[in-house]
Amino acid sequence: MVRIAILTVPFFLTDRHRHFADGMVSSIRSRHQIDRLAIINTVRSVDDREWLKKRFDMVEDNDTNILARAWNRGIREGFRRGADYVLVTNLDIEFHPLCIDNLVECATQERDALVWCSAPWTNPLSFRAARLRPSVEQALFWSCFMVDKRLLDVAGEFDEMFVPAYREDSDMAYRLAALGASCVTCHAALHLNFDRGTIKGLIDCESSDVPRFVQMLTALRSQITRNDERYVRKWGGDPGEERFVVPYGKSDPPQ
């Protein structure tokens with residue numbers, strides 16, 4: 001038996017967001033010891049915070065609204081609390097009943113890998129009857145991934161300059177590829193992925209909130225564009241078209 005810290009970053013602005021979170025938490029199943037960690041980016045109310053406190057072993061606020069910072073902090077905290085692995089998950093997913101245990105089994109077999117990912121499934125109707133394939137592939141799915149202490153030691157932390165989120169995962173993937181690191185997805189460990197559930201949760205808001213959420217979505221689109229542009233500056237091209245082997249094409253990034 002091992003100890004697994006499950007880390008998530010709550011972002012609650014609508015009932016739909018909390019609905020997704022409830023589905024994720026309720027789906028956690030494992031024969032291993034589980035430590036549930038939440039690093040809060042945004043919640044609407046005291047009630048949301050109390051809801052989280054009842055379902056997680058640790059609930060803390062992120063000191064910025066930056067996903068990469070919450071991931072870095074939560075991963076470090078998970079290991080500080082004695083975890084063998086930290087499993088980082090979006091809130092808009094649900095675990096297959098065998099997902100967590102099969103992912104741990106994959107980690108014991110694929111010891112050279114720095115990241116072990118759960119494979120996404122997109123059809124809720126067929127999810128429970130999905131065929132679990134005892135196979136792995138070299139691939140990354142950041143909606144549900146597991147690491148041990150080597151990730152931050154070998155590859156460094158997620159880049160917190162991607163604000164508030166988007167491209168921090170592509171950045172880490174490129175850095176891992178440059179290191180020649182093995183990163184595997186286990187097809188015996190499935191999760192149901194409600195694609196872009198956080199954004200859809202904003203779109204499905206009550207009509208009285210539409211102007212405010214339209215404004216938020218417009219701001220988010222602008223932030224995504226800035227992160228795309230920063231990625232190109234950092235690596236010399238879009239994901240898959242990078243030209244630099246060191247950030248910004250030189251030894252020291254610009255201030």
# chains A, B, ... in the order shown; residues from 1 in each chain; ligands from 1
$ select_by_dssp --residues "stretch 40-220 of chain A" --states "strand (DSSP E)" --output "PyMOL selection string"
chain A and resi 40+58-61+85-89+93-95+113-121+136-138+144-147+182-193
$ residues_around --residues "A:His187" --least-positions-apart "6" --cutoff "10 Å" --atoms "only C-alpha atoms" --output "number ranges by chain"
A: 99, 102-103, 106, 117-121, 131-137
$ select_by_dssp --residues "stretch 23-182 of chain A" --states "alpha helix (DSSP H)" --output "MDAnalysis selection string"
chainID A and resid 23:26 46:55 67:80 99:109 150:155 168:179
$ residues_around --residues "A:Asn227" --least-positions-apart "6" --cutoff "7 Å" --atoms "only C-alpha atoms" --output "list in words"
Phe162, Tyr166 and Arg167 of chain A
$ closest_residue --among "A:Lys250, A:Arg175, A:His32, A:Arg233" --to "A:Met1" --atoms "only C-alpha atoms"
A:His32
$ residues_around --residues "A:Phe145" --least-positions-apart "4" --cutoff "9 Å" --atoms "only C-alpha atoms" --output "list in words"
Val86, Leu87, Val88, Thr89, Val115, Trp116, Cys117, Ser118, Leu140, Phe141 and Thr185 of chain A
$ write_last_selection --atoms "all heavy atoms" --output "PDB file, in the first residue's frame"
ATOM      1  N   VAL A  86       1.884  12.119  -6.041  1.00  0.00           N
ATOM      2  CA  VAL A  86       0.849  13.154  -6.068  1.00  0.00           C
ATOM      3  C   VAL A  86       0.084  13.007  -7.380  1.00  0.00           C
ATOM      4  O   VAL A  86       0.690  13.022  -8.463  1.00  0.00           O
ATOM      5  CB  VAL A  86       1.432  14.570  -5.942  1.00  0.00           C
ATOM      6  CG1 VAL A  86       0.318  15.615  -6.082  1.00  0.00           C
ATOM      7  CG2 VAL A  86       2.139  14.744  -4.597  1.00  0.00           C
ATOM      8  N   LEU A  87      -1.221  12.840  -7.263  1.00  0.00           N
ATOM      9  CA  LEU A  87      -2.104  12.718  -8.420  1.00  0.00           C
ATOM     10  C   LEU A  87      -2.824  14.048  -8.592  1.00  0.00           C
ATOM     11  O   LEU A  87      -3.609  14.456  -7.735  1.00  0.00           O
ATOM     12  CB  LEU A  87      -3.103  11.584  -8.194  1.00  0.00           C
ATOM     13  CG  LEU A  87      -4.195  11.355  -9.241  1.00  0.00           C
ATOM     14  CD1 LEU A  87      -3.594  11.109 -10.613  1.00  0.00           C
ATOM     15  CD2 LEU A  87      -5.095  10.198  -8.834  1.00  0.00           C
ATOM     16  N   VAL A  88      -2.525  14.752  -9.676  1.00  0.00           N
ATOM     17  CA  VAL A  88      -3.083  16.079  -9.935  1.00  0.00           C
ATOM     18  C   VAL A  88      -4.247  15.924 -10.900  1.00  0.00           C
ATOM     19  O   VAL A  88      -4.097  15.336 -11.979  1.00  0.00           O
ATOM     20  CB  VAL A  88      -2.015  17.014 -10.527  1.00  0.00           C
ATOM     21  CG1 VAL A  88      -2.578  18.428 -10.697  1.00  0.00           C
ATOM     22  CG2 VAL A  88      -0.770  17.040  -9.646  1.00  0.00           C
ATOM     23  N   THR A  89      -5.393  16.456 -10.529  1.00  0.00           N
ATOM     24  CA  THR A  89      -6.583  16.232 -11.348  1.00  0.00           C
ATOM     25  C   THR A  89      -7.395  17.500 -11.532  1.00  0.00           C
ATOM     26  O   THR A  89      -7.492  18.339 -10.627  1.00  0.00           O
ATOM     27  CB  THR A  89      -7.474  15.150 -10.723  1.00  0.00           C
ATOM     28  OG1 THR A  89      -8.657  14.980 -11.509  1.00  0.00           O
ATOM     29  CG2 THR A  89      -7.880  15.498  -9.306  1.00  0.00           C
ATOM     30  N   VAL A 115       6.183  11.041 -15.480  1.00  0.00           N
ATOM     31  CA  VAL A 115       4.760  11.365 -15.371  1.00  0.00           C
ATOM     32  C   VAL A 115       3.950  10.156 -15.831  1.00  0.00           C
ATOM     33  O   VAL A 115       4.263   9.563 -16.878  1.00  0.00           O
ATOM     34  CB  VAL A 115       4.372  12.588 -16.240  1.00  0.00           C
ATOM     35  CG1 VAL A 115       2.911  12.964 -16.002  1.00  0.00           C
ATOM     36  CG2 VAL A 115       5.286  13.783 -15.960  1.00  0.00           C
ATOM     37  N   TRP A 116       2.942   9.792 -15.038  1.00  0.00           N
ATOM     38  CA  TRP A 116       2.017   8.720 -15.407  1.00  0.00           C
ATOM     39  C   TRP A 116       0.634   9.348 -15.503  1.00  0.00           C
ATOM     40  O   TRP A 116       0.151   9.981 -14.568  1.00  0.00           O
ATOM     41  CB  TRP A 116       2.003   7.618 -14.353  1.00  0.00           C
ATOM     42  CG  TRP A 116       3.353   7.023 -14.086  1.00  0.00           C
ATOM     43  CD1 TRP A 116       3.969   6.018 -14.769  1.00  0.00           C
ATOM     44  CD2 TRP A 116       4.266   7.402 -13.041  1.00  0.00           C
ATOM     45  NE1 TRP A 116       5.199   5.740 -14.219  1.00  0.00           N
ATOM     46  CE2 TRP A 116       5.400   6.571 -13.159  1.00  0.00           C
ATOM     47  CE3 TRP A 116       4.225   8.352 -12.023  1.00  0.00           C
ATOM     48  CZ2 TRP A 116       6.482   6.677 -12.290  1.00  0.00           C
ATOM     49  CZ3 TRP A 116       5.307   8.466 -11.163  1.00  0.00           C
ATOM     50  CH2 TRP A 116       6.421   7.636 -11.302  1.00  0.00           C
ATOM     51  N   CYS A 117      -0.014   9.177 -16.659  1.00  0.00           N
ATOM     52  CA  CYS A 117      -1.303   9.816 -16.906  1.00  0.00           C
ATOM     53  C   CYS A 117      -2.419   8.787 -16.986  1.00  0.00           C
ATOM     54  O   CYS A 117      -2.239   7.684 -17.510  1.00  0.00           O
ATOM     55  CB  CYS A 117      -1.282  10.592 -18.218  1.00  0.00           C
ATOM     56  SG  CYS A 117      -0.040  11.899 -18.280  1.00  0.00           S
ATOM     57  N   SER A 118      -3.572   9.186 -16.494  1.00  0.00           N
ATOM     58  CA  SER A 118      -4.798   8.433 -16.717  1.00  0.00           C
ATOM     59  C   SER A 118      -5.306   8.749 -18.120  1.00  0.00           C
ATOM     60  O   SER A 118      -5.189   9.889 -18.596  1.00  0.00           O
ATOM     61  CB  SER A 118      -5.834   8.828 -15.666  1.00  0.00           C
ATOM     62  OG  SER A 118      -7.128   8.403 -16.023  1.00  0.00           O
ATOM     63  N   LEU A 140       0.961  12.417 -22.990  1.00  0.00           N
ATOM     64  CA  LEU A 140       0.641  13.198 -21.799  1.00  0.00           C
ATOM     65  C   LEU A 140      -0.800  13.698 -21.869  1.00  0.00           C
ATOM     66  O   LEU A 140      -1.221  14.244 -22.896  1.00  0.00           O
ATOM     67  CB  LEU A 140       1.584  14.402 -21.681  1.00  0.00           C
ATOM     68  CG  LEU A 140       2.994  14.123 -21.147  1.00  0.00           C
ATOM     69  CD1 LEU A 140       3.904  15.308 -21.431  1.00  0.00           C
ATOM     70  CD2 LEU A 140       2.960  13.815 -19.662  1.00  0.00           C
ATOM     71  N   PHE A 141      -1.544  13.513 -20.787  1.00  0.00           N
ATOM     72  CA  PHE A 141      -2.881  14.086 -20.644  1.00  0.00           C
ATOM     73  C   PHE A 141      -2.915  14.781 -19.288  1.00  0.00           C
ATOM     74  O   PHE A 141      -2.943  14.140 -18.237  1.00  0.00           O
ATOM     75  CB  PHE A 141      -3.963  12.998 -20.729  1.00  0.00           C
ATOM     76  CG  PHE A 141      -4.122  12.413 -22.104  1.00  0.00           C
ATOM     77  CD1 PHE A 141      -3.507  11.221 -22.435  1.00  0.00           C
ATOM     78  CD2 PHE A 141      -4.873  13.071 -23.063  1.00  0.00           C
ATOM     79  CE1 PHE A 141      -3.643  10.675 -23.710  1.00  0.00           C
ATOM     80  CE2 PHE A 141      -5.009  12.543 -24.341  1.00  0.00           C
ATOM     81  CZ  PHE A 141      -4.394  11.346 -24.661  1.00  0.00           C
ATOM     82  N   THR A 185       0.925   7.251 -20.677  1.00  0.00           N
ATOM     83  CA  THR A 185      -0.509   7.193 -20.399  1.00  0.00           C
ATOM     84  C   THR A 185      -0.907   5.727 -20.298  1.00  0.00           C
ATOM     85  O   THR A 185      -0.566   4.923 -21.168  1.00  0.00           O
ATOM     86  CB  THR A 185      -1.309   7.893 -21.507  1.00  0.00           C
ATOM     87  OG1 THR A 185      -1.064   9.303 -21.427  1.00  0.00           O
ATOM     88  CG2 THR A 185      -2.806   7.639 -21.345  1.00  0.00           C
TER      89      THR A 185
END
$ closest_atom_pairs --of "stretch 107-212 of chain A" --to "stretch 61-68 of chain A" --cutoff "6 Å" --atoms "only C-alpha atoms" --output "CSV"
residue,atom,partner,partner_atom,distance
A:Phe158,CA,A:Ala68,CA,5.4
A:Glu160,CA,A:Ala68,CA,5.1
A:Val163,CA,A:Ile66,CA,5.6
A:Pro164,CA,A:Ile66,CA,4.3
A:Ala165,CA,A:Leu67,CA,5.4
$ write_last_selection --atoms "all heavy atoms" --output "PDB file, in the first residue's frame"
ATOM      1  N   PHE A 158       6.443  23.947 -12.639  1.00  0.00           N
ATOM      2  CA  PHE A 158       5.628  24.515 -13.707  1.00  0.00           C
ATOM      3  C   PHE A 158       5.868  26.030 -13.738  1.00  0.00           C
ATOM      4  O   PHE A 158       6.036  26.676 -12.698  1.00  0.00           O
ATOM      5  CB  PHE A 158       4.148  24.215 -13.469  1.00  0.00           C
ATOM      6  CG  PHE A 158       3.775  22.780 -13.698  1.00  0.00           C
ATOM      7  CD1 PHE A 158       3.827  21.856 -12.657  1.00  0.00           C
ATOM      8  CD2 PHE A 158       3.370  22.338 -14.949  1.00  0.00           C
ATOM      9  CE1 PHE A 158       3.497  20.525 -12.872  1.00  0.00           C
ATOM     10  CE2 PHE A 158       3.045  21.013 -15.173  1.00  0.00           C
ATOM     11  CZ  PHE A 158       3.109  20.101 -14.128  1.00  0.00           C
ATOM     12  N   GLU A 160       5.229  29.639 -13.611  1.00  0.00           N
ATOM     13  CA  GLU A 160       4.158  30.453 -13.043  1.00  0.00           C
ATOM     14  C   GLU A 160       3.953  31.774 -13.776  1.00  0.00           C
ATOM     15  O   GLU A 160       3.092  32.575 -13.390  1.00  0.00           O
ATOM     16  CB  GLU A 160       4.437  30.696 -11.565  1.00  0.00           C
ATOM     17  CG  GLU A 160       4.443  29.410 -10.752  1.00  0.00           C
ATOM     18  CD  GLU A 160       4.816  29.600  -9.292  1.00  0.00           C
ATOM     19  OE1 GLU A 160       4.875  30.777  -8.844  1.00  0.00           O
ATOM     20  OE2 GLU A 160       5.048  28.591  -8.599  1.00  0.00           O
ATOM     21  N   VAL A 163      -0.148  33.085 -16.903  1.00  0.00           N
ATOM     22  CA  VAL A 163      -1.162  33.616 -15.984  1.00  0.00           C
ATOM     23  C   VAL A 163      -2.507  33.754 -16.681  1.00  0.00           C
ATOM     24  O   VAL A 163      -2.566  34.272 -17.804  1.00  0.00           O
ATOM     25  CB  VAL A 163      -0.705  35.007 -15.465  1.00  0.00           C
ATOM     26  CG1 VAL A 163      -1.728  35.607 -14.516  1.00  0.00           C
ATOM     27  CG2 VAL A 163       0.660  34.899 -14.778  1.00  0.00           C
ATOM     28  N   PRO A 164      -3.625  33.355 -16.047  1.00  0.00           N
ATOM     29  CA  PRO A 164      -3.729  32.554 -14.828  1.00  0.00           C
ATOM     30  C   PRO A 164      -3.550  31.053 -15.101  1.00  0.00           C
ATOM     31  O   PRO A 164      -3.277  30.288 -14.214  1.00  0.00           O
ATOM     32  CB  PRO A 164      -5.135  32.858 -14.336  1.00  0.00           C
ATOM     33  CG  PRO A 164      -5.916  33.063 -15.598  1.00  0.00           C
ATOM     34  CD  PRO A 164      -4.963  33.756 -16.531  1.00  0.00           C
ATOM     35  N   ALA A 165      -3.719  30.667 -16.379  1.00  0.00           N
ATOM     36  CA  ALA A 165      -3.556  29.264 -16.779  1.00  0.00           C
ATOM     37  C   ALA A 165      -3.499  29.215 -18.301  1.00  0.00           C
ATOM     38  O   ALA A 165      -3.848  30.185 -18.973  1.00  0.00           O
ATOM     39  CB  ALA A 165      -4.719  28.400 -16.278  1.00  0.00           C
TER      40      ALA A 165
END
$ closest_residue --among "A:Val9, A:Ala130, A:Cys183, A:Leu114" --to "A:Val154" --atoms "only C-alpha atoms"
A:Leu114
$ closest_residue --among "A:Ala181, A:Ala107, A:Trp71, A:Arg230" --to "A:Ala139" --atoms "only C-alpha atoms"
A:Ala181
$ atom_distance --atom1 "atom CA of A:Asp112" --atom2 "atom CA of A:Asp84"
15.2 Å
